[in-house]
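Q: My structure is stored as work-v7.cif, with mmCIF, C-alpha atoms.
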data_run
loop_
_atom_site.label_atom_id
_atom_site.label_comp_id
_atom_site.auth_asym_id
_atom_site.auth_seq_id
_atom_site.Cartn_x
_atom_site.Cartn_y
_atom_site.Cartn_z
CA MET A 26 37.12 -0.14 -28.91
CA ILE A 27 37.72 -1.26 -32.48
CA GLN A 28 37.18 -4.90 -33.26
CA THR A 29 37.10 -6.84 -36.48
CA PRO A 30 33.67 -8.37 -36.95
CA GLU A 31 34.93 -10.97 -39.42
CA VAL A 32 37.08 -12.74 -36.86
CA CYS A 33 34.79 -12.10 -33.94
CA GLU A 34 33.04 -15.19 -32.64
CA GLY A 35 30.13 -13.89 -30.71
CA PRO A 36 26.35 -13.78 -30.42
CA ASP A 37 24.37 -16.40 -32.31
CA PHE A 38 21.89 -14.26 -34.21
CA GLU A 39 20.39 -17.33 -35.85
CA LYS A 40 18.91 -18.32 -32.48
CA GLY A 41 16.90 -15.17 -32.14
CA GLY A 42 15.60 -15.25 -35.70
CA GLY A 43 18.05 -12.47 -36.46
CA LEU A 44 17.38 -10.35 -33.39
CA LEU A 45 18.82 -10.76 -29.90
CA PRO A 46 18.10 -8.81 -26.73
CA ALA A 47 20.92 -6.52 -25.61
CA ILE A 48 21.12 -5.19 -22.06
CA ALA A 49 22.89 -1.89 -21.46
CA GLN A 50 24.43 -1.57 -18.01
CA ASP A 51 26.16 1.52 -16.63
CA VAL A 52 29.85 0.63 -16.47
CA HIS A 53 30.39 2.83 -13.42
CA THR A 54 27.32 2.24 -11.24
CA GLY A 55 26.16 -1.18 -12.45
CA GLU A 56 22.67 0.20 -12.97
CA VAL A 57 20.70 -1.59 -15.69
CA LEU A 58 19.81 1.21 -18.08
CA MET A 59 17.72 -0.40 -20.79
CA LEU A 60 17.09 -3.40 -22.98
CA ALA A 61 16.93 -3.13 -26.75
CA TYR A 62 17.53 -5.46 -29.67
CA MET A 63 20.43 -6.02 -32.02
CA ASN A 64 20.73 -7.72 -35.36
CA ARG A 65 24.08 -8.72 -36.80
CA GLU A 66 24.56 -5.42 -38.59
CA SER A 67 23.82 -3.30 -35.51
CA PHE A 68 26.20 -5.49 -33.48
CA GLN A 69 28.96 -4.99 -36.03
CA GLN A 70 28.27 -1.25 -36.13
CA THR A 71 28.52 -1.20 -32.34
CA LEU A 72 31.92 -2.91 -32.50
CA LEU A 73 33.19 -0.55 -35.18
CA ARG A 74 31.95 2.68 -33.62
CA GLY A 75 32.46 1.81 -29.98
CA GLU A 76 28.97 3.24 -29.39
CA ALA A 77 25.75 1.30 -29.04
CA VAL A 78 23.77 0.77 -32.22
CA TYR A 79 20.53 -1.16 -31.84
CA TYR A 80 17.85 -2.36 -34.22
CA SER A 81 14.52 -0.64 -33.73
CA ARG A 82 11.74 -3.21 -34.00
CA SER A 83 9.07 -0.52 -34.34
CA ARG A 84 10.90 1.49 -37.01
CA GLN A 85 12.54 -1.61 -38.53
CA LYS A 86 15.91 0.01 -39.01
CA LEU A 87 19.24 0.55 -37.30
CA TRP A 88 19.01 2.88 -34.35
CA ARG A 89 22.14 4.63 -33.27
CA LYS A 90 21.35 5.28 -29.62
CA GLY A 91 21.47 9.01 -28.99
CA GLU A 92 21.24 9.98 -32.65
CA GLU A 93 18.48 12.44 -31.80
CA SER A 94 19.13 13.29 -28.16
CA GLY A 95 22.93 13.21 -28.29
CA HIS A 96 22.81 10.75 -25.39
CA VAL A 97 25.03 8.12 -26.94
CA GLN A 98 26.33 5.07 -25.09
CA LYS A 99 30.09 4.60 -25.21
CA VAL A 100 30.74 0.88 -25.08
CA HIS A 101 33.41 -0.27 -22.61
CA ALA A 102 32.88 -4.03 -22.86
CA ILE A 103 30.56 -6.57 -24.44
CA TYR A 104 29.58 -9.97 -23.07
CA VAL A 105 27.43 -12.83 -24.32
CA ASP A 106 25.53 -15.27 -22.18
CA CYS A 107 25.99 -19.03 -21.95
CA ASP A 108 23.59 -19.67 -24.84
CA ARG A 109 25.06 -16.85 -26.91
CA ASP A 110 21.55 -15.51 -27.43
CA CYS A 111 21.72 -12.44 -25.22
CA ILE A 112 24.20 -9.55 -25.22
CA LEU A 113 25.35 -7.42 -22.30
CA LEU A 114 26.95 -4.04 -22.93
CA LYS A 115 28.80 -2.11 -20.26
CA VAL A 116 28.40 1.49 -21.30
CA GLU A 117 29.10 5.03 -20.33
CA GLN A 118 25.82 6.84 -20.79
CA ILE A 119 26.47 10.32 -22.17
CA GLY A 120 23.98 12.90 -20.90
CA GLY A 121 23.26 10.79 -17.84
CA ALA A 122 19.98 9.32 -19.04
CA ALA A 123 19.23 6.30 -21.20
CA CYS A 124 15.45 6.57 -21.24
CA HIS A 125 13.53 8.71 -23.71
CA GLU A 126 11.24 9.57 -20.81
CA GLY A 127 14.13 11.45 -19.21
CA TYR A 128 15.13 8.94 -16.56
CA ARG A 129 18.63 7.50 -16.06
CA SER A 130 17.25 4.00 -16.52
CA CYS A 131 14.22 2.80 -18.45
CA PHE A 132 13.40 0.74 -15.35
CA TYR A 133 12.18 3.73 -13.35
CA ARG A 134 8.95 2.08 -12.19
CA GLN A 135 8.64 -0.61 -9.57
CA VAL A 136 5.88 -3.22 -9.55
CA THR A 137 4.02 -2.90 -6.25
CA PRO A 138 0.73 -4.28 -4.95
CA GLU A 139 -0.74 -0.82 -5.60
CA GLY A 140 0.43 -0.76 -9.20
CA LEU A 141 3.49 0.78 -10.82
CA LYS A 142 5.36 3.29 -8.70
CA VAL A 143 7.93 5.72 -10.09
CA VAL A 144 11.10 5.26 -8.04
CA ALA A 145 13.51 7.57 -9.86
CA GLU A 146 13.81 11.24 -10.70
CA ARG A 147 13.91 12.69 -14.16
CA VAL A 148 17.35 13.77 -15.38
CA PHE A 149 15.97 15.73 -18.31
CA ASP A 150 12.67 16.98 -19.68
CA PRO A 151 11.84 14.89 -22.77
CA GLU A 152 9.94 17.79 -24.33
CA GLN A 153 13.10 19.89 -24.28
CA VAL A 154 15.42 17.17 -25.57
CA TYR A 155 13.18 15.84 -28.30
CA LYS A 156 11.46 19.10 -29.22
CA LYS A 157 10.53 19.37 -32.84
CA PRO A 158 11.79 22.36 -34.83
CA MET B 28 7.07 -10.42 -1.20
CA ILE B 29 3.43 -11.33 -1.66
CA GLN B 30 1.45 -9.34 -4.18
CA THR B 31 -1.98 -9.72 -5.60
CA PRO B 32 -1.70 -10.28 -9.33
CA GLU B 33 -5.29 -9.23 -9.98
CA VAL B 34 -4.69 -5.64 -8.92
CA CYS B 35 -1.14 -5.45 -10.16
CA GLU B 36 -0.72 -3.22 -13.18
CA GLY B 37 2.53 -4.32 -14.69
CA PRO B 38 4.21 -5.76 -17.75
CA ASP B 39 2.30 -5.72 -21.02
CA PHE B 40 2.54 -9.35 -22.11
CA GLU B 41 0.48 -8.64 -25.22
CA LYS B 42 3.41 -6.68 -26.62
CA GLY B 43 5.75 -9.61 -26.55
CA GLY B 44 3.27 -12.04 -28.03
CA GLY B 45 2.86 -13.49 -24.53
CA LEU B 46 6.55 -13.62 -23.61
CA LEU B 47 8.72 -10.81 -22.29
CA PRO B 48 12.44 -10.78 -21.50
CA ALA B 49 13.25 -10.65 -17.78
CA ILE B 50 16.66 -9.59 -16.51
CA ALA B 51 17.85 -10.93 -13.17
CA GLN B 52 20.27 -8.63 -11.37
CA ASP B 53 22.03 -9.40 -8.10
CA VAL B 54 20.41 -7.13 -5.51
CA HIS B 55 23.65 -6.84 -3.54
CA THR B 56 26.37 -6.48 -6.18
CA GLY B 57 24.40 -5.14 -9.15
CA GLU B 58 25.84 -7.88 -11.34
CA VAL B 59 23.58 -8.88 -14.24
CA LEU B 60 23.10 -12.59 -13.68
CA MET B 61 20.97 -13.78 -16.58
CA LEU B 62 18.16 -13.06 -18.96
CA ALA B 63 15.22 -15.39 -19.35
CA TYR B 64 11.60 -15.05 -20.43
CA MET B 65 8.33 -14.73 -18.57
CA ASN B 66 4.74 -15.21 -19.58
CA ARG B 67 1.87 -13.89 -17.51
CA GLU B 68 1.58 -17.07 -15.48
CA SER B 69 5.27 -17.23 -14.61
CA PHE B 70 5.16 -13.55 -13.65
CA GLN B 71 2.22 -14.16 -11.35
CA GLN B 72 3.93 -17.23 -9.88
CA THR B 73 7.00 -15.07 -9.25
CA LEU B 74 4.89 -12.51 -7.39
CA LEU B 75 3.15 -15.16 -5.32
CA ARG B 76 6.25 -17.18 -4.43
CA GLY B 77 8.72 -14.34 -4.08
CA GLU B 78 11.10 -16.49 -6.14
CA ALA B 79 11.83 -16.23 -9.84
CA VAL B 80 9.71 -18.40 -12.11
CA TYR B 81 10.44 -18.13 -15.80
CA TYR B 82 8.97 -19.68 -18.91
CA SER B 83 11.35 -22.03 -20.70
CA ARG B 84 11.09 -21.46 -24.44
CA SER B 85 12.93 -24.70 -25.22
CA ARG B 86 10.86 -26.87 -22.87
CA GLN B 87 7.71 -24.77 -23.36
CA LYS B 88 6.71 -24.82 -19.73
CA LEU B 89 7.09 -22.91 -16.50
CA TRP B 90 10.60 -23.07 -15.11
CA ARG B 91 11.04 -22.45 -11.42
CA LYS B 92 14.62 -21.23 -11.37
CA GLY B 93 16.64 -23.56 -9.15
CA GLU B 94 14.09 -26.38 -9.18
CA GLU B 95 16.86 -28.84 -10.03
CA SER B 96 20.00 -27.18 -8.65
CA GLY B 97 18.41 -25.62 -5.56
CA HIS B 98 19.85 -22.31 -6.69
CA VAL B 99 16.64 -20.32 -6.47
CA GLN B 100 16.42 -16.57 -6.88
CA LYS B 101 14.71 -14.72 -4.04
CA VAL B 102 13.05 -11.69 -5.51
CA HIS B 103 13.59 -8.39 -3.69
CA ALA B 104 12.04 -6.01 -6.21
CA ILE B 105 10.56 -5.99 -9.70
CA TYR B 106 10.66 -3.19 -12.22
CA VAL B 107 9.26 -2.67 -15.72
CA ASP B 108 10.74 -0.51 -18.41
CA CYS B 109 9.21 2.54 -20.07
CA ASP B 110 7.46 0.42 -22.72
CA ARG B 111 6.34 -2.17 -20.14
CA ASP B 112 7.79 -4.87 -22.37
CA CYS B 113 10.83 -5.81 -20.32
CA ILE B 114 11.08 -6.89 -16.68
CA LEU B 115 13.96 -6.34 -14.26
CA LEU B 116 14.22 -8.50 -11.14
CA LYS B 117 16.52 -7.67 -8.27
CA VAL B 118 17.30 -11.01 -6.72
CA GLU B 119 19.31 -12.77 -4.09
CA GLN B 120 20.92 -15.69 -5.88
CA ILE B 121 20.96 -18.70 -3.59
CA GLY B 122 24.01 -20.91 -4.10
CA GLY B 123 25.94 -17.99 -5.54
CA ALA B 124 25.59 -18.95 -9.19
CA ALA B 125 22.82 -18.25 -11.69
CA CYS B 126 24.34 -20.03 -14.68
CA HIS B 127 23.88 -23.73 -15.35
CA GLU B 128 27.51 -23.71 -16.47
CA GLY B 129 28.53 -23.01 -12.87
CA TYR B 130 29.31 -19.32 -13.15
CA ARG B 131 27.82 -16.55 -11.00
CA SER B 132 26.51 -14.83 -14.11
CA CYS B 133 25.56 -16.27 -17.48
CA PHE B 134 27.58 -13.40 -18.98
CA TYR B 135 30.93 -14.97 -18.14
CA ARG B 136 32.42 -14.48 -21.60
CA GLN B 137 33.61 -11.22 -23.06
CA VAL B 138 33.60 -10.45 -26.78
CA THR B 139 37.17 -9.62 -27.81
CA PRO B 140 38.93 -9.28 -31.17
CA GLU B 141 40.37 -12.76 -30.54
CA GLY B 142 36.96 -14.30 -29.92
CA LEU B 143 35.11 -15.05 -26.71
CA LYS B 144 37.19 -14.91 -23.56
CA VAL B 145 36.05 -16.40 -20.24
CA VAL B 146 36.36 -13.62 -17.66
CA ALA B 147 34.91 -15.32 -14.57
CA GLU B 148 35.62 -18.32 -12.40
CA ARG B 149 33.31 -21.23 -11.85
CA VAL B 150 31.45 -21.26 -8.54
CA PHE B 151 30.34 -24.86 -8.91
CA ASP B 152 30.94 -27.87 -11.09
CA PRO B 153 27.84 -28.41 -13.27
CA GLU B 154 28.44 -32.16 -13.38
CA GLN B 155 28.16 -32.34 -9.61
CA VAL B 156 25.09 -30.12 -9.32
CA TYR B 157 23.13 -31.57 -12.21
CA LYS B 158 24.33 -35.15 -11.92
CA LYS B 159 21.77 -37.72 -12.92
CA PRO B 160 20.89 -40.46 -10.46
#
Render the structure in this file as structure tokens.
A:
Amino acid sequence: MIQTPEVCEGPDFEKGGGLLPAIAQDVHTGEVLMLAYMNRESFQQTLLRGEAVYYSRSRQKLWRKGEESGHVQKVHAIYVDCDRDCILLKVEQIGGAACHEGYRSCFYRQVTPEGLKVVAERVFDPEQVYKKP
Amino acid sequence: MIQTPEVCEGPDFEKGGGLLPAIAQDVHTGEVLMLAYMNRESFQQTLLRGEAVYYSRSRQKLWRKGEESGHVQKVHAIYVDCDRDCILLKVEQIGGAACHEGYRSCFYRQVTPEGLKVVAERVFDPEQVYKKP
């Protein structure tokens, strides 16, 4: 999916002080995989590559999703909300898991009266995928 | 869904400076309906009522979704992400539309090389639903 950022009316990054939340949803199952943030540059990189590029608030730099794990997100479609201050990506999640904890979705824990309850199964072992040399 | 906030380990509101993004997803179709924000009080109100209560950043007060339109969101389940700084609600959207513009989902526009393209149909006419007396 190649698009030309110059002519692309889209998210209003001014509203978010430069950063907007971006939801990644599995294009096939509809499962919400994760939420991360994008600045204008990461959004444009996403358009150009056709793969999700976020902005890491903790590392304060562009974060090409999957750059370490290989679990990239191929972008099938991008939407903005009514206020143009939130982005929705429909993605194909390579490797089957979006979460660095090894789960398909980062939302693998449900809020219950007894506390948080894990309601998913791990797809991979994080220690294997992110093992240091 | 009644839960006791006191014993409920859950989102880490400290991380978001008091406000965390909350995604509302249709429990039946999986459609992502909207993203809004919650503070601790709105989260606790959501647990107690079983209906989504957000915090309006523009109006700086609690916002019981549907308080004006009647289009409340009945909460079926709540999840937190791996960092506990994002909330996912699975909801039943009363009235069939989450967006104040009259669309089922706030993400009714797709980003295309030609600009934003409306890819959904209106469920209601906002002027009728939000008409002033």
Q: Find the residue from B:Phe134, B:Trp90, B:Tyr82, B:Phe151 that sits nearest to chain A; use all atoms listed in the file when measuring.
A: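 Distance minimum relative to chain A lands on B:Phe134.
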Q: Starting from the shown file, work through the PyMOL selection byres ((chain B) within 7 of (chain A)) and note down what comes out as a list in words.
A: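 So the PyMOL selection byres ((chain B) within 7 of (chain A)) ends up selecting Gln30, Thr31, Val34, Cys35, Glu36, Gly37, Gly57, Glu58, Ile105, Tyr106, Val107, Asp108, Cys109, Cys133, Phe134, Tyr135, Arg136, Gln137, Val138, Pro140, Glu141, Gly142 and Leu143 of chain B.
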Q: How would chain A read as a CSV table (one decimal) with C-alpha atoms, in the coordinates of the input after a least-squares superposition onto chain B over every Cα atom, matched in order?
A:
chain,number,residue,atom,x,y,z
A,26,MET,CA,7.0,-10.4,-1.2
A,27,ILE,CA,3.4,-11.3,-1.7
A,28,GLN,CA,1.5,-9.3,-4.2
A,29,THR,CA,-2.0,-9.7,-5.6
A,30,PRO,CA,-1.7,-10.3,-9.4
A,31,GLU,CA,-5.3,-9.2,-10.0
A,32,VAL,CA,-4.7,-5.6,-8.9
A,33,CYS,CA,-1.2,-5.4,-10.2
A,34,GLU,CA,-0.7,-3.2,-13.2
A,35,GLY,CA,2.5,-4.3,-14.7
A,36,PRO,CA,4.2,-5.8,-17.8
A,37,ASP,CA,2.3,-5.7,-21.0
A,38,PHE,CA,2.6,-9.3,-22.1
A,39,GLU,CA,0.5,-8.6,-25.2
A,40,LYS,CA,3.4,-6.7,-26.6
A,41,GLY,CA,5.8,-9.6,-26.5
A,42,GLY,CA,3.3,-12.0,-28.0
A,43,GLY,CA,2.9,-13.5,-24.5
A,44,LEU,CA,6.5,-13.6,-23.6
A,45,LEU,CA,8.7,-10.8,-22.3
A,46,PRO,CA,12.4,-10.8,-21.5
A,47,ALA,CA,13.2,-10.7,-17.8
A,48,ILE,CA,16.7,-9.6,-16.5
A,49,ALA,CA,17.9,-10.9,-13.2
A,50,GLN,CA,20.3,-8.6,-11.4
A,51,ASP,CA,22.0,-9.4,-8.1
A,52,VAL,CA,20.4,-7.1,-5.5
A,53,HIS,CA,23.7,-6.8,-3.5
A,54,THR,CA,26.4,-6.5,-6.2
A,55,GLY,CA,24.4,-5.1,-9.1
A,56,GLU,CA,25.8,-7.9,-11.3
A,57,VAL,CA,23.6,-8.9,-14.2
A,58,LEU,CA,23.1,-12.6,-13.7
A,59,MET,CA,21.0,-13.8,-16.6
A,60,LEU,CA,18.2,-13.1,-19.0
A,61,ALA,CA,15.2,-15.4,-19.3
A,62,TYR,CA,11.6,-15.1,-20.4
A,63,MET,CA,8.3,-14.7,-18.6
A,64,ASN,CA,4.7,-15.2,-19.6
A,65,ARG,CA,1.9,-13.9,-17.5
A,66,GLU,CA,1.6,-17.1,-15.5
A,67,SER,CA,5.3,-17.2,-14.6
A,68,PHE,CA,5.2,-13.5,-13.6
A,69,GLN,CA,2.2,-14.2,-11.3
A,70,GLN,CA,3.9,-17.2,-9.9
A,71,THR,CA,7.0,-15.1,-9.2
A,72,LEU,CA,4.9,-12.5,-7.4
A,73,LEU,CA,3.2,-15.2,-5.3
A,74,ARG,CA,6.2,-17.2,-4.4
A,75,GLY,CA,8.7,-14.3,-4.1
A,76,GLU,CA,11.1,-16.5,-6.1
A,77,ALA,CA,11.8,-16.2,-9.8
A,78,VAL,CA,9.7,-18.4,-12.1
A,79,TYR,CA,10.4,-18.1,-15.8
A,80,TYR,CA,9.0,-19.7,-18.9
A,81,SER,CA,11.3,-22.0,-20.7
A,82,ARG,CA,11.1,-21.5,-24.4
A,83,SER,CA,12.9,-24.7,-25.2
A,84,ARG,CA,10.9,-26.9,-22.9
A,85,GLN,CA,7.7,-24.8,-23.4
A,86,LYS,CA,6.7,-24.8,-19.7
A,87,LEU,CA,7.1,-22.9,-16.5
A,88,TRP,CA,10.6,-23.1,-15.1
A,89,ARG,CA,11.0,-22.5,-11.4
A,90,LYS,CA,14.6,-21.3,-11.4
A,91,GLY,CA,16.6,-23.6,-9.1
A,92,GLU,CA,14.1,-26.4,-9.2
A,93,GLU,CA,16.9,-28.8,-10.0
A,94,SER,CA,20.0,-27.2,-8.6
A,95,GLY,CA,18.4,-25.6,-5.6
A,96,HIS,CA,19.8,-22.3,-6.7
A,97,VAL,CA,16.6,-20.3,-6.5
A,98,GLN,CA,16.4,-16.6,-6.9
A,99,LYS,CA,14.7,-14.7,-4.0
A,100,VAL,CA,13.0,-11.7,-5.5
A,101,HIS,CA,13.6,-8.4,-3.7
A,102,ALA,CA,12.1,-6.0,-6.2
A,103,ILE,CA,10.6,-6.0,-9.7
A,104,TYR,CA,10.7,-3.2,-12.2
A,105,VAL,CA,9.3,-2.7,-15.7
A,106,ASP,CA,10.7,-0.5,-18.4
A,107,CYS,CA,9.2,2.5,-20.1
A,108,ASP,CA,7.5,0.4,-22.7
A,109,ARG,CA,6.3,-2.1,-20.1
A,110,ASP,CA,7.8,-4.9,-22.4
A,111,CYS,CA,10.8,-5.8,-20.3
A,112,ILE,CA,11.1,-6.9,-16.7
A,113,LEU,CA,14.0,-6.4,-14.3
A,114,LEU,CA,14.2,-8.5,-11.1
A,115,LYS,CA,16.5,-7.7,-8.3
A,116,VAL,CA,17.3,-11.0,-6.7
A,117,GLU,CA,19.3,-12.8,-4.1
A,118,GLN,CA,20.9,-15.7,-5.9
A,119,ILE,CA,21.0,-18.7,-3.6
A,120,GLY,CA,24.0,-20.9,-4.1
A,121,GLY,CA,26.0,-18.0,-5.5
A,122,ALA,CA,25.6,-18.9,-9.2
A,123,ALA,CA,22.8,-18.2,-11.7
A,124,CYS,CA,24.3,-20.0,-14.7
A,125,HIS,CA,23.9,-23.7,-15.3
A,126,GLU,CA,27.5,-23.7,-16.5
A,127,GLY,CA,28.5,-23.0,-12.9
A,128,TYR,CA,29.3,-19.3,-13.2
A,129,ARG,CA,27.8,-16.5,-11.0
A,130,SER,CA,26.5,-14.8,-14.1
A,131,CYS,CA,25.6,-16.3,-17.5
A,132,PHE,CA,27.6,-13.4,-19.0
A,133,TYR,CA,30.9,-15.0,-18.1
A,134,ARG,CA,32.4,-14.5,-21.6
A,135,GLN,CA,33.6,-11.2,-23.1
A,136,VAL,CA,33.6,-10.5,-26.8
A,137,THR,CA,37.2,-9.6,-27.8
A,138,PRO,CA,38.9,-9.3,-31.2
A,139,GLU,CA,40.3,-12.8,-30.6
A,140,GLY,CA,36.9,-14.3,-29.9
A,141,LEU,CA,35.1,-15.0,-26.7
A,142,LYS,CA,37.2,-14.9,-23.6
A,143,VAL,CA,36.1,-16.4,-20.2
A,144,VAL,CA,36.4,-13.6,-17.6
A,145,ALA,CA,34.9,-15.3,-14.6
A,146,GLU,CA,35.6,-18.3,-12.4
A,147,ARG,CA,33.3,-21.2,-11.9
A,148,VAL,CA,31.4,-21.3,-8.5
A,149,PHE,CA,30.3,-24.9,-8.9
A,150,ASP,CA,31.0,-27.9,-11.1
A,151,PRO,CA,27.9,-28.4,-13.3
A,152,GLU,CA,28.5,-32.2,-13.4
A,153,GLN,CA,28.2,-32.3,-9.6
A,154,VAL,CA,25.1,-30.1,-9.3
A,155,TYR,CA,23.2,-31.6,-12.2
A,156,LYS,CA,24.4,-35.2,-11.9
A,157,LYS,CA,21.8,-37.7,-12.9
A,158,PRO,CA,20.9,-40.5,-10.4
Q: Excluding same-chain residues fewer than 6 positions from B:Met65, what lies within 6 Å of it counting all atoms listed in the file, as number ranges by chain?
A: B: 46-47, 81-82
Q: Find the distance between atom CA of B:Glu94 and atom CA of A:Ala49 and write it in Å to one decimal.
A: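 According to the coordinates, atom CA of B:Glu94 and atom CA of A:Ala49 are separated by 28.8 Å.
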Q: Figure out the distance between atom CA of A:Gly127 and atom CA of A:Glu152, please, to one decimal in Å.
A: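 Distance between the two atoms: 9.2 Å.
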Q: Kindly indicate which residue among A:Glu39, A:Gln98, A:Val148, A:Gln118 lies nearest to A:Thr71, using all atoms listed in the file for the distances.
A: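 When distances to A:Thr71 are compared using all atoms listed in the file, the smallest one comes from A:Gln98.
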Q: Need to verify the contact set: B:His103, 7 Å, only C-alpha atoms, exclusion of same-chain residues closer than 2 positions in sequence. Can you return it as a compact mmCIF listing (two decimals) with C-alpha atoms, keeping the file's coordinate frame?
A:
# COMPACT_ATOMS: atom_id res chain seq x y z
CA LYS B 101 14.71 -14.72 -4.04
CA LYS B 117 16.52 -7.67 -8.27
CA VAL B 118 17.30 -11.01 -6.72
Q: Please, what distance in Å, to one decimal, runs between atom CA of A:Gln70 and atom CA of B:Arg84?
A: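 Those two atoms sit 29.0 Å apart.
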Q: Calculated over all atoms listed in the file, which of the candidates A:Val100, A:Gly91, A:Gly42, A:Ala145 has the smallest distance to A:Gly120?
A: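 Checking each candidate against A:Gly120, we get A:Gly91 as the closest.
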Q: In the coordinate frame of the file, compute which residues have an atom within 8 Å of (5.6, -17.4, -10.7) when using only C-alpha atoms, and state them as a PyMOL selection string.
A: chain B and resi 68-81+91
Q: Using all atoms listed in the file for the distances, tell me which of A:Phe38, A:Lys86, A:Asp51, A:Gly43 is nearest to A:Glu117.
A: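 Nearest to A:Glu117: A:Asp51.
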